[in-house]
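Here's structure-v9.cif, which has mmCIF, N, CA and C atoms and all ligand atoms:
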data_start
loop_
_atom_site.label_atom_id
_atom_site.label_comp_id
_atom_site.auth_asym_id
_atom_site.auth_seq_id
_atom_site.Cartn_x
_atom_site.Cartn_y
_atom_site.Cartn_z
N MET I 1 -0.86 2.80 15.52
CA MET I 1 -1.04 1.36 15.46
C MET I 1 0.27 0.69 15.04
N LYS I 2 0.46 -0.52 15.51
CA LYS I 2 1.71 -1.24 15.28
C LYS I 2 1.46 -2.45 14.40
N GLY I 3 2.39 -2.67 13.45
CA GLY I 3 2.26 -3.84 12.61
C GLY I 3 3.59 -4.54 12.48
N LYS I 4 3.59 -5.75 11.94
CA LYS I 4 4.84 -6.47 11.73
C LYS I 4 4.73 -7.43 10.56
N CYS I 5 5.90 -7.80 10.06
CA CYS I 5 5.94 -8.75 8.94
C CYS I 5 5.71 -10.17 9.46
N LEU I 6 5.67 -11.12 8.57
CA LEU I 6 5.37 -12.50 8.95
C LEU I 6 6.37 -13.08 9.94
N CYS I 7 7.67 -12.81 9.73
CA CYS I 7 8.68 -13.38 10.65
C CYS I 7 8.87 -12.52 11.89
N GLY I 8 8.36 -11.28 11.87
CA GLY I 8 8.43 -10.41 13.04
C GLY I 8 9.70 -9.57 13.14
N LYS I 9 10.64 -9.71 12.17
CA LYS I 9 11.89 -8.95 12.24
C LYS I 9 11.69 -7.48 11.92
N ILE I 10 10.65 -7.16 11.16
CA ILE I 10 10.35 -5.76 10.83
C ILE I 10 9.07 -5.35 11.56
N GLU I 11 9.17 -4.23 12.27
CA GLU I 11 7.99 -3.66 12.92
C GLU I 11 7.77 -2.26 12.37
N ILE I 12 6.50 -1.92 12.13
CA ILE I 12 6.15 -0.62 11.58
C ILE I 12 5.05 -0.01 12.43
N GLU I 13 5.27 1.26 12.79
CA GLU I 13 4.31 1.95 13.63
C GLU I 13 3.86 3.23 12.93
N THR I 14 2.57 3.51 13.00
CA THR I 14 2.04 4.75 12.44
C THR I 14 0.77 5.13 13.19
N GLU I 15 0.25 6.32 12.88
CA GLU I 15 -0.98 6.76 13.54
C GLU I 15 -2.13 5.83 13.17
N THR I 16 -2.99 5.57 14.14
CA THR I 16 -4.12 4.68 13.92
C THR I 16 -5.09 5.27 12.91
N THR I 17 -5.49 4.45 11.96
CA THR I 17 -6.49 4.86 10.98
C THR I 17 -7.37 3.67 10.64
N THR I 18 -8.60 3.94 10.22
CA THR I 18 -9.46 2.85 9.77
C THR I 18 -9.64 2.89 8.25
N GLU I 19 -9.11 3.96 7.63
CA GLU I 19 -9.25 4.15 6.19
C GLU I 19 -8.42 3.13 5.41
N LEU I 20 -9.04 2.47 4.46
CA LEU I 20 -8.31 1.50 3.67
C LEU I 20 -8.65 1.67 2.19
N GLY I 21 -7.60 1.60 1.35
CA GLY I 21 -7.79 1.68 -0.08
C GLY I 21 -7.36 0.38 -0.72
N LEU I 22 -7.73 0.24 -1.98
CA LEU I 22 -7.38 -0.97 -2.71
C LEU I 22 -6.85 -0.54 -4.07
N CYS I 23 -5.68 -1.08 -4.46
CA CYS I 23 -5.14 -0.72 -5.77
C CYS I 23 -5.13 -1.95 -6.67
N HIS I 24 -5.77 -1.78 -7.83
CA HIS I 24 -5.88 -2.89 -8.79
C HIS I 24 -4.84 -2.82 -9.90
N CYS I 25 -3.87 -1.91 -9.82
CA CYS I 25 -2.97 -1.70 -10.97
C CYS I 25 -2.13 -2.96 -11.24
N ALA I 26 -1.65 -3.05 -12.47
CA ALA I 26 -0.92 -4.24 -12.90
C ALA I 26 0.34 -4.45 -12.07
N MET I 27 1.00 -3.35 -11.66
CA MET I 27 2.23 -3.48 -10.87
C MET I 27 1.94 -4.05 -9.48
N CYS I 28 0.92 -3.52 -8.82
CA CYS I 28 0.56 -4.04 -7.49
C CYS I 28 0.19 -5.51 -7.57
N ARG I 29 -0.55 -5.87 -8.62
CA ARG I 29 -0.98 -7.26 -8.72
C ARG I 29 0.18 -8.19 -9.01
N ARG I 30 1.17 -7.70 -9.79
CA ARG I 30 2.34 -8.53 -10.05
C ARG I 30 3.18 -8.67 -8.77
N TRP I 31 3.24 -7.57 -8.03
CA TRP I 31 4.05 -7.51 -6.80
C TRP I 31 3.47 -8.40 -5.72
N SER I 32 2.14 -8.31 -5.52
CA SER I 32 1.53 -9.01 -4.38
C SER I 32 0.81 -10.28 -4.73
N GLY I 33 0.60 -10.52 -6.01
CA GLY I 33 -0.19 -11.68 -6.39
C GLY I 33 -1.67 -11.36 -6.43
N GLY I 34 -2.04 -10.15 -6.04
CA GLY I 34 -3.43 -9.71 -6.05
C GLY I 34 -3.46 -8.22 -5.85
N PRO I 35 -4.64 -7.62 -5.72
CA PRO I 35 -4.68 -6.18 -5.50
C PRO I 35 -4.05 -5.83 -4.15
N MET I 36 -3.55 -4.60 -4.03
CA MET I 36 -2.89 -4.20 -2.78
C MET I 36 -3.86 -3.46 -1.86
N PHE I 37 -4.03 -3.99 -0.65
CA PHE I 37 -4.80 -3.30 0.38
C PHE I 37 -3.88 -2.27 1.03
N ALA I 38 -4.22 -1.00 0.86
CA ALA I 38 -3.28 0.08 1.12
C ALA I 38 -3.74 1.00 2.25
N VAL I 39 -2.83 1.22 3.21
CA VAL I 39 -3.08 2.16 4.31
C VAL I 39 -2.23 3.41 4.04
N HIS I 40 -2.87 4.53 3.75
CA HIS I 40 -2.14 5.77 3.48
C HIS I 40 -1.69 6.36 4.81
N ALA I 41 -0.37 6.31 5.04
CA ALA I 41 0.17 6.66 6.35
C ALA I 41 0.92 7.99 6.35
N GLY I 42 1.04 8.66 5.22
CA GLY I 42 1.80 9.91 5.18
C GLY I 42 3.26 9.66 5.48
N SER I 43 3.94 10.63 6.12
CA SER I 43 5.37 10.45 6.38
C SER I 43 5.65 10.09 7.83
N ASN I 44 4.62 10.06 8.64
CA ASN I 44 4.79 9.77 10.06
C ASN I 44 4.79 8.25 10.32
N VAL I 45 5.92 7.63 9.91
CA VAL I 45 6.02 6.17 9.98
C VAL I 45 7.35 5.81 10.64
N THR I 46 7.31 4.92 11.62
CA THR I 46 8.54 4.46 12.26
C THR I 46 8.76 2.99 11.90
N ILE I 47 9.94 2.73 11.33
CA ILE I 47 10.25 1.36 10.89
C ILE I 47 11.43 0.86 11.71
N SER I 48 11.31 -0.33 12.31
CA SER I 48 12.44 -0.91 13.01
C SER I 48 12.72 -2.31 12.48
N GLY I 49 14.00 -2.68 12.53
CA GLY I 49 14.44 -3.97 11.98
C GLY I 49 15.39 -3.72 10.82
N ASP I 50 16.31 -4.66 10.58
CA ASP I 50 17.30 -4.42 9.53
C ASP I 50 17.18 -5.37 8.35
N THR I 51 16.11 -6.16 8.30
CA THR I 51 15.93 -7.06 7.16
C THR I 51 14.98 -6.44 6.15
N ILE I 52 15.25 -5.16 5.81
CA ILE I 52 14.36 -4.46 4.89
C ILE I 52 15.10 -4.16 3.60
N LYS I 53 14.45 -4.42 2.49
CA LYS I 53 15.01 -4.10 1.18
C LYS I 53 14.06 -3.15 0.47
N ARG I 54 14.58 -1.98 0.07
CA ARG I 54 13.79 -1.03 -0.69
C ARG I 54 14.17 -1.18 -2.16
N TYR I 55 13.19 -1.28 -3.00
CA TYR I 55 13.42 -1.52 -4.42
C TYR I 55 12.79 -0.37 -5.21
N ASP I 56 13.55 0.22 -6.14
CA ASP I 56 13.02 1.30 -6.98
C ASP I 56 12.08 0.70 -8.02
N SER I 57 10.78 0.81 -7.80
CA SER I 57 9.83 0.23 -8.75
C SER I 57 9.52 1.20 -9.89
N SER I 58 9.86 2.47 -9.69
CA SER I 58 9.73 3.46 -10.77
C SER I 58 10.63 4.64 -10.39
N GLU I 59 10.63 5.68 -11.22
CA GLU I 59 11.47 6.86 -10.94
C GLU I 59 11.00 7.56 -9.67
N TRP I 60 9.71 7.46 -9.38
CA TRP I 60 9.14 8.25 -8.28
C TRP I 60 8.73 7.40 -7.08
N ALA I 61 8.93 6.09 -7.14
CA ALA I 61 8.44 5.28 -6.03
C ALA I 61 9.33 4.09 -5.72
N GLU I 62 9.27 3.66 -4.45
CA GLU I 62 9.95 2.45 -4.02
C GLU I 62 8.91 1.48 -3.46
N ARG I 63 9.26 0.20 -3.52
CA ARG I 63 8.47 -0.81 -2.82
C ARG I 63 9.43 -1.56 -1.92
N ALA I 64 8.99 -1.93 -0.74
CA ALA I 64 9.91 -2.54 0.22
C ALA I 64 9.34 -3.86 0.73
N PHE I 65 10.28 -4.76 1.06
CA PHE I 65 9.88 -6.06 1.59
C PHE I 65 10.90 -6.53 2.62
N CYS I 66 10.49 -7.50 3.43
CA CYS I 66 11.40 -8.10 4.42
C CYS I 66 12.23 -9.15 3.70
N THR I 67 13.56 -9.05 3.82
CA THR I 67 14.45 -9.98 3.11
C THR I 67 14.46 -11.36 3.76
N HIS I 68 13.94 -11.48 4.97
CA HIS I 68 13.92 -12.78 5.62
C HIS I 68 12.67 -13.58 5.26
N CYS I 69 11.49 -12.94 5.32
CA CYS I 69 10.26 -13.70 5.09
C CYS I 69 9.52 -13.28 3.81
N GLY I 70 9.95 -12.18 3.19
CA GLY I 70 9.36 -11.78 1.91
C GLY I 70 8.08 -10.97 2.02
N THR I 71 7.64 -10.66 3.24
CA THR I 71 6.41 -9.87 3.41
C THR I 71 6.55 -8.50 2.72
N HIS I 72 5.54 -8.11 1.98
CA HIS I 72 5.51 -6.78 1.37
C HIS I 72 5.16 -5.76 2.43
N LEU I 73 5.95 -4.70 2.53
CA LEU I 73 5.81 -3.74 3.63
C LEU I 73 5.13 -2.45 3.20
N PHE I 74 5.63 -1.85 2.12
CA PHE I 74 5.03 -0.58 1.71
C PHE I 74 5.41 -0.19 0.29
N TYR I 75 4.62 0.76 -0.19
CA TYR I 75 4.89 1.53 -1.40
C TYR I 75 5.27 2.91 -0.89
N TYR I 76 6.37 3.49 -1.38
CA TYR I 76 6.84 4.79 -0.90
C TYR I 76 6.91 5.76 -2.06
N LEU I 77 6.16 6.86 -1.94
CA LEU I 77 6.11 7.87 -2.99
C LEU I 77 7.18 8.92 -2.69
N LYS I 78 8.30 8.85 -3.45
CA LYS I 78 9.47 9.68 -3.13
C LYS I 78 9.19 11.19 -3.13
N PRO I 79 8.54 11.77 -4.17
CA PRO I 79 8.38 13.23 -4.17
C PRO I 79 7.55 13.74 -2.99
N ASN I 80 6.65 12.91 -2.48
CA ASN I 80 5.76 13.36 -1.38
C ASN I 80 6.23 12.88 -0.01
N ASN I 81 7.32 12.07 0.04
CA ASN I 81 7.77 11.44 1.29
C ASN I 81 6.57 10.77 1.98
N GLU I 82 5.88 9.93 1.21
CA GLU I 82 4.62 9.39 1.69
C GLU I 82 4.62 7.85 1.62
N TYR I 83 4.26 7.24 2.75
CA TYR I 83 4.23 5.78 2.82
C TYR I 83 2.81 5.26 2.63
N VAL I 84 2.69 4.22 1.84
CA VAL I 84 1.43 3.50 1.71
C VAL I 84 1.73 2.08 2.19
N LEU I 85 1.24 1.76 3.39
CA LEU I 85 1.59 0.49 4.04
C LEU I 85 0.62 -0.61 3.63
N THR I 86 1.08 -1.84 3.63
CA THR I 86 0.18 -2.94 3.32
C THR I 86 -0.68 -3.27 4.56
N ALA I 87 -1.97 -3.43 4.34
CA ALA I 87 -2.91 -3.60 5.45
C ALA I 87 -2.64 -4.89 6.23
N GLY I 88 -2.08 -5.89 5.59
CA GLY I 88 -1.86 -7.19 6.23
C GLY I 88 -0.89 -7.14 7.39
N LEU I 89 -0.08 -6.06 7.47
CA LEU I 89 0.85 -5.91 8.58
C LEU I 89 0.10 -5.70 9.89
N PHE I 90 -1.10 -5.12 9.78
CA PHE I 90 -1.84 -4.67 10.97
C PHE I 90 -3.02 -5.60 11.23
N GLN I 91 -2.74 -6.71 11.90
CA GLN I 91 -3.77 -7.73 12.09
C GLN I 91 -4.78 -7.36 13.17
N ASP I 92 -4.43 -6.41 14.05
CA ASP I 92 -5.35 -6.06 15.15
C ASP I 92 -6.27 -4.90 14.78
N GLN I 93 -6.08 -4.34 13.58
CA GLN I 93 -6.82 -3.14 13.22
C GLN I 93 -8.05 -3.48 12.37
N ASP I 94 -9.15 -2.81 12.69
CA ASP I 94 -10.37 -2.98 11.92
C ASP I 94 -10.41 -1.88 10.86
N PHE I 95 -10.47 -2.24 9.60
CA PHE I 95 -10.43 -1.24 8.53
C PHE I 95 -11.78 -1.12 7.83
N ASN I 96 -11.94 0.02 7.18
CA ASN I 96 -13.12 0.26 6.37
C ASN I 96 -12.66 0.54 4.94
N LEU I 97 -12.94 -0.37 4.05
CA LEU I 97 -12.49 -0.22 2.65
C LEU I 97 -13.31 0.88 1.98
N SER I 98 -12.65 2.01 1.69
CA SER I 98 -13.41 3.18 1.21
C SER I 98 -13.15 3.52 -0.25
N ASN I 99 -12.01 3.14 -0.78
CA ASN I 99 -11.77 3.50 -2.18
C ASN I 99 -10.98 2.43 -2.93
N GLU I 100 -11.21 2.38 -4.24
CA GLU I 100 -10.48 1.47 -5.12
C GLU I 100 -9.91 2.29 -6.26
N ILE I 101 -8.59 2.14 -6.48
CA ILE I 101 -7.95 2.92 -7.56
C ILE I 101 -7.45 1.99 -8.66
N PHE I 102 -7.19 2.60 -9.82
CA PHE I 102 -6.85 1.85 -11.05
C PHE I 102 -7.91 0.79 -11.34
N ILE I 103 -9.17 1.20 -11.16
CA ILE I 103 -10.28 0.28 -11.37
C ILE I 103 -10.31 -0.19 -12.84
N ASP I 104 -9.76 0.65 -13.74
CA ASP I 104 -9.71 0.29 -15.16
C ASP I 104 -8.67 -0.80 -15.44
N GLU I 105 -7.78 -1.07 -14.47
CA GLU I 105 -6.80 -2.15 -14.68
C GLU I 105 -7.21 -3.44 -13.95
N LYS I 106 -8.35 -3.40 -13.27
CA LYS I 106 -8.81 -4.59 -12.54
C LYS I 106 -9.17 -5.70 -13.52
N PRO I 107 -8.64 -6.91 -13.31
CA PRO I 107 -9.04 -8.02 -14.18
C PRO I 107 -10.49 -8.39 -13.91
N THR I 108 -11.10 -9.10 -14.84
CA THR I 108 -12.52 -9.41 -14.68
C THR I 108 -12.77 -10.59 -13.74
N TYR I 109 -11.70 -11.31 -13.34
CA TYR I 109 -11.93 -12.54 -12.56
C TYR I 109 -12.24 -12.31 -11.09
N TYR I 110 -12.26 -11.07 -10.63
CA TYR I 110 -12.74 -10.79 -9.27
C TYR I 110 -13.39 -9.42 -9.23
N SER I 111 -14.25 -9.22 -8.21
CA SER I 111 -14.73 -7.87 -7.89
C SER I 111 -15.20 -7.89 -6.45
N PHE I 112 -15.09 -6.72 -5.80
CA PHE I 112 -15.45 -6.60 -4.38
C PHE I 112 -16.84 -5.99 -4.27
N SER I 113 -17.61 -6.45 -3.29
CA SER I 113 -18.98 -5.97 -3.14
C SER I 113 -19.07 -4.73 -2.26
N ASN I 114 -17.96 -4.32 -1.62
CA ASN I 114 -17.98 -3.12 -0.76
C ASN I 114 -18.42 -1.89 -1.54
N GLN I 115 -19.12 -0.99 -0.86
CA GLN I 115 -19.48 0.30 -1.46
C GLN I 115 -18.25 1.20 -1.36
N THR I 116 -17.62 1.49 -2.50
CA THR I 116 -16.38 2.28 -2.47
C THR I 116 -16.41 3.35 -3.55
N GLU I 117 -15.53 4.36 -3.35
CA GLU I 117 -15.29 5.33 -4.40
C GLU I 117 -14.28 4.70 -5.36
N LYS I 118 -14.58 4.73 -6.65
CA LYS I 118 -13.70 4.07 -7.61
C LYS I 118 -13.08 5.09 -8.57
N LEU I 119 -11.74 5.01 -8.72
CA LEU I 119 -11.03 5.93 -9.59
C LEU I 119 -10.24 5.16 -10.64
N THR I 120 -10.21 5.70 -11.86
CA THR I 120 -9.37 5.11 -12.90
C THR I 120 -7.94 5.59 -12.71
N GLY I 121 -6.99 4.97 -13.39
CA GLY I 121 -5.60 5.40 -13.36
C GLY I 121 -5.46 6.86 -13.76
N GLN I 122 -6.16 7.25 -14.81
CA GLN I 122 -6.11 8.64 -15.27
C GLN I 122 -6.57 9.61 -14.18
N GLN I 123 -7.64 9.26 -13.49
CA GLN I 123 -8.14 10.12 -12.40
C GLN I 123 -7.14 10.22 -11.25
N VAL I 124 -6.43 9.11 -10.99
CA VAL I 124 -5.42 9.11 -9.93
C VAL I 124 -4.27 10.03 -10.30
N PHE I 125 -3.78 9.95 -11.55
CA PHE I 125 -2.68 10.81 -11.98
C PHE I 125 -3.08 12.28 -11.91
N GLU I 126 -4.34 12.58 -12.29
CA GLU I 126 -4.83 13.96 -12.23
C GLU I 126 -4.85 14.46 -10.79
N LEU I 127 -5.23 13.59 -9.87
CA LEU I 127 -5.24 13.96 -8.45
C LEU I 127 -3.84 14.31 -7.98
N TYR I 128 -2.86 13.46 -8.36
CA TYR I 128 -1.50 13.68 -7.90
C TYR I 128 -0.88 14.92 -8.54
N THR I 129 -1.09 15.13 -9.82
CA THR I 129 -0.49 16.29 -10.46
C THR I 129 -1.15 17.57 -9.94
N GLY I 130 -2.43 17.47 -9.53
CA GLY I 130 -3.10 18.60 -8.93
C GLY I 130 -2.49 18.99 -7.58
N LYS I 131 -1.91 18.00 -6.90
CA LYS I 131 -1.34 18.22 -5.58
C LYS I 131 0.01 18.94 -5.64
N GLU I 132 0.77 18.73 -6.70
CA GLU I 132 2.15 19.23 -6.74
C GLU I 132 2.23 20.76 -6.93
ZN ZN U 1 9.97 -10.71 7.93
ZN ZN U 2 -1.10 -0.23 -7.65
#
Step by step, read the file and then write its structure as structure tokens.
Amino acid sequence: MKGKCLCGKIEIETETTTELGLCHCAMCRRWSGGPMFAVHAGSNVTISGDTIKRYDSSEWAERAFCTHCGTHLFYYLKPNNEYVLTAGLFQDQDFNLSNEIFIDEKPTYYSFSNQTEKLTGQQVFELYTGKE
């Protein structure tokens, strides 16, 4: 599936998926203004365009945005070479919201009615350390 930023200077292509996650962590909410709708794309991602800025948001991850229009593009997990793309890039794709992570950091002023698997931050870290 193909996606693009608001101004169209950045195009991102990856394998088609309907799986969608939601991250409520404080960093995602500060970054996006709300929770991040996340498409786990693995490492099979093709990015074209030169208005991309990658920012080290932690020792193990980068976040990237288009320097022309400011669209948030992805979260990149360095040790796993794994891209988590923002769902808003893919306007033609129908997604199924299946999981919510960092549910313990979700503010009380919103909640989603979708039936999802919910994980706390601690459970997410345990999943990742189990993988390494
Ligand atoms: Zn742009
Ligand atoms: Zn997050």
Counting only C-alpha atoms and all ligand atoms, what are the residues of chain I within 9 Å of ligand ZN 1 (chain U), and for each of them which pair of atoms is the nearest and at what distance in Å, to one decimal? Sort the table by chain and rising number, as a Markdown table.
| residue | atom | partner | partner_atom | distance |
| --- | --- | --- | --- | --- |
| I:Lys4 | CA | U:ZN1 | ZN | 7.7 |
| I:Cys5 | CA | U:ZN1 | ZN | 4.6 |
| I:Leu6 | CA | U:ZN1 | ZN | 5.0 |
| I:Cys7 | CA | U:ZN1 | ZN | 4.0 |
| I:Gly8 | CA | U:ZN1 | ZN | 5.3 |
| I:Lys9 | CA | U:ZN1 | ZN | 5.0 |
| I:Ile10 | CA | U:ZN1 | ZN | 5.7 |
| I:Glu11 | CA | U:ZN1 | ZN | 8.9 |
| I:Thr51 | CA | U:ZN1 | ZN | 7.0 |
| I:Ile52 | CA | U:ZN1 | ZN | 8.2 |
| I:Phe65 | CA | U:ZN1 | ZN | 7.9 |
| I:Cys66 | CA | U:ZN1 | ZN | 4.6 |
| I:Thr67 | CA | U:ZN1 | ZN | 6.6 |
| I:His68 | CA | U:ZN1 | ZN | 5.0 |
| I:Cys69 | CA | U:ZN1 | ZN | 4.1 |
| I:Gly70 | CA | U:ZN1 | ZN | 6.1 |
| I:Thr71 | CA | U:ZN1 | ZN | 5.8 |
| I:His72 | CA | U:ZN1 | ZN | 8.9 |
Keeping only N, CA and C atoms, take the residues you just selected and write them out as a PDB file, keeping the file's coordinate frame.
ATOM      1  N   LYS I   4       3.590  -5.750  11.940  1.00  0.00           N
ATOM      2  CA  LYS I   4       4.840  -6.470  11.730  1.00  0.00           C
ATOM      3  C   LYS I   4       4.730  -7.430  10.560  1.00  0.00           C
ATOM      4  N   CYS I   5       5.900  -7.800  10.060  1.00  0.00           N
ATOM      5  CA  CYS I   5       5.940  -8.750   8.940  1.00  0.00           C
ATOM      6  C   CYS I   5       5.710 -10.170   9.460  1.00  0.00           C
ATOM      7  N   LEU I   6       5.670 -11.120   8.570  1.00  0.00           N
ATOM      8  CA  LEU I   6       5.370 -12.500   8.950  1.00  0.00           C
ATOM      9  C   LEU I   6       6.370 -13.080   9.940  1.00  0.00           C
ATOM     10  N   CYS I   7       7.670 -12.810   9.730  1.00  0.00           N
ATOM     11  CA  CYS I   7       8.680 -13.380  10.650  1.00  0.00           C
ATOM     12  C   CYS I   7       8.870 -12.520  11.890  1.00  0.00           C
ATOM     13  N   GLY I   8       8.360 -11.280  11.870  1.00  0.00           N
ATOM     14  CA  GLY I   8       8.430 -10.410  13.040  1.00  0.00           C
ATOM     15  C   GLY I   8       9.700  -9.570  13.140  1.00  0.00           C
ATOM     16  N   LYS I   9      10.640  -9.710  12.170  1.00  0.00           N
ATOM     17  CA  LYS I   9      11.890  -8.950  12.240  1.00  0.00           C
ATOM     18  C   LYS I   9      11.690  -7.480  11.920  1.00  0.00           C
ATOM     19  N   ILE I  10      10.650  -7.160  11.160  1.00  0.00           N
ATOM     20  CA  ILE I  10      10.350  -5.760  10.830  1.00  0.00           C
ATOM     21  C   ILE I  10       9.070  -5.350  11.560  1.00  0.00           C
ATOM     22  N   GLU I  11       9.170  -4.230  12.270  1.00  0.00           N
ATOM     23  CA  GLU I  11       7.990  -3.660  12.920  1.00  0.00           C
ATOM     24  C   GLU I  11       7.770  -2.260  12.370  1.00  0.00           C
ATOM     25  N   THR I  51      16.110  -6.160   8.300  1.00  0.00           N
ATOM     26  CA  THR I  51      15.930  -7.060   7.160  1.00  0.00           C
ATOM     27  C   THR I  51      14.980  -6.440   6.150  1.00  0.00           C
ATOM     28  N   ILE I  52      15.250  -5.160   5.810  1.00  0.00           N
ATOM     29  CA  ILE I  52      14.360  -4.460   4.890  1.00  0.00           C
ATOM     30  C   ILE I  52      15.100  -4.160   3.600  1.00  0.00           C
ATOM     31  N   PHE I  65      10.280  -4.760   1.060  1.00  0.00           N
ATOM     32  CA  PHE I  65       9.880  -6.060   1.590  1.00  0.00           C
ATOM     33  C   PHE I  65      10.900  -6.530   2.620  1.00  0.00           C
ATOM     34  N   CYS I  66      10.490  -7.500   3.430  1.00  0.00           N
ATOM     35  CA  CYS I  66      11.400  -8.100   4.420  1.00  0.00           C
ATOM     36  C   CYS I  66      12.230  -9.150   3.700  1.00  0.00           C
ATOM     37  N   THR I  67      13.560  -9.050   3.820  1.00  0.00           N
ATOM     38  CA  THR I  67      14.450  -9.980   3.110  1.00  0.00           C
ATOM     39  C   THR I  67      14.460 -11.360   3.760  1.00  0.00           C
ATOM     40  N   HIS I  68      13.940 -11.480   4.970  1.00  0.00           N
ATOM     41  CA  HIS I  68      13.920 -12.780   5.620  1.00  0.00           C
ATOM     42  C   HIS I  68      12.670 -13.580   5.260  1.00  0.00           C
ATOM     43  N   CYS I  69      11.490 -12.940   5.320  1.00  0.00           N
ATOM     44  CA  CYS I  69      10.260 -13.700   5.090  1.00  0.00           C
ATOM     45  C   CYS I  69       9.520 -13.280   3.810  1.00  0.00           C
ATOM     46  N   GLY I  70       9.950 -12.180   3.190  1.00  0.00           N
ATOM     47  CA  GLY I  70       9.360 -11.780   1.910  1.00  0.00           C
ATOM     48  C   GLY I  70       8.080 -10.970   2.020  1.00  0.00           C
ATOM     49  N   THR I  71       7.640 -10.660   3.240  1.00  0.00           N
ATOM     50  CA  THR I  71       6.410  -9.870   3.410  1.00  0.00           C
ATOM     51  C   THR I  71       6.550  -8.500   2.720  1.00  0.00           C
ATOM     52  N   HIS I  72       5.540  -8.110   1.980  1.00  0.00           N
ATOM     53  CA  HIS I  72       5.510  -6.780   1.370  1.00  0.00           C
ATOM     54  C   HIS I  72       5.160  -5.760   2.430  1.00  0.00           C
TER      55      HIS I  72
END
Ligand ZN 2 (chain U): which residues are within 6 Å, counting all atoms listed in the file, as an mmCIF file with N, CA and C atoms, in the frame of the given file?
data_model
loop_
_atom_site.group_PDB
_atom_site.id
_atom_site.type_symbol
_atom_site.label_atom_id
_atom_site.label_comp_id
_atom_site.auth_asym_id
_atom_site.auth_seq_id
_atom_site.Cartn_x
_atom_site.Cartn_y
_atom_site.Cartn_z
ATOM 1 N N CYS I 23 -5.680 -1.080 -4.460
ATOM 2 C CA CYS I 23 -5.140 -0.720 -5.770
ATOM 3 C C CYS I 23 -5.130 -1.950 -6.670
ATOM 4 N N HIS I 24 -5.770 -1.780 -7.830
ATOM 5 C CA HIS I 24 -5.880 -2.890 -8.790
ATOM 6 C C HIS I 24 -4.840 -2.820 -9.900
ATOM 7 N N CYS I 25 -3.870 -1.910 -9.820
ATOM 8 C CA CYS I 25 -2.970 -1.700 -10.970
ATOM 9 C C CYS I 25 -2.130 -2.960 -11.240
ATOM 10 N N ALA I 26 -1.650 -3.050 -12.470
ATOM 11 C CA ALA I 26 -0.920 -4.240 -12.900
ATOM 12 C C ALA I 26 0.340 -4.450 -12.070
ATOM 13 N N MET I 27 1.000 -3.350 -11.660
ATOM 14 C CA MET I 27 2.230 -3.480 -10.870
ATOM 15 C C MET I 27 1.940 -4.050 -9.480
ATOM 16 N N CYS I 28 0.920 -3.520 -8.820
ATOM 17 C CA CYS I 28 0.560 -4.040 -7.490
ATOM 18 C C CYS I 28 0.190 -5.510 -7.570
ATOM 19 N N ARG I 29 -0.550 -5.870 -8.620
ATOM 20 C CA ARG I 29 -0.980 -7.260 -8.720
ATOM 21 C C ARG I 29 0.180 -8.190 -9.010
#
(Q) Excluding Gln122 (chain I) and its own-chain neighbours fewer than 6 positions away, which residues fall within 8 Å of it when counting all atoms listed in the file? Please give them as a list of chain:residue names. (A)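 Counting all atoms listed in the file, the residues come to I:Phe102, I:Ile103, I:Asp104, I:Tyr128.
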Q) So which one's closest to Gly42 (chain I), I:Leu97, I:Val124, I:Leu85, I:Leu119? Using only C-alpha atoms, please. A)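 Distance minimum relative to Gly42 (chain I) lands on I:Leu85.
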Q.
Just checking: using only N, CA and C atoms, which residue out of I:Asp94, I:Lys78, I:Trp31, I:Ile47 ends up closest to Glu59 (chain I)?
A.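 Among the listed residues, the smallest separation from Glu59 (chain I) belongs to I:Lys78.
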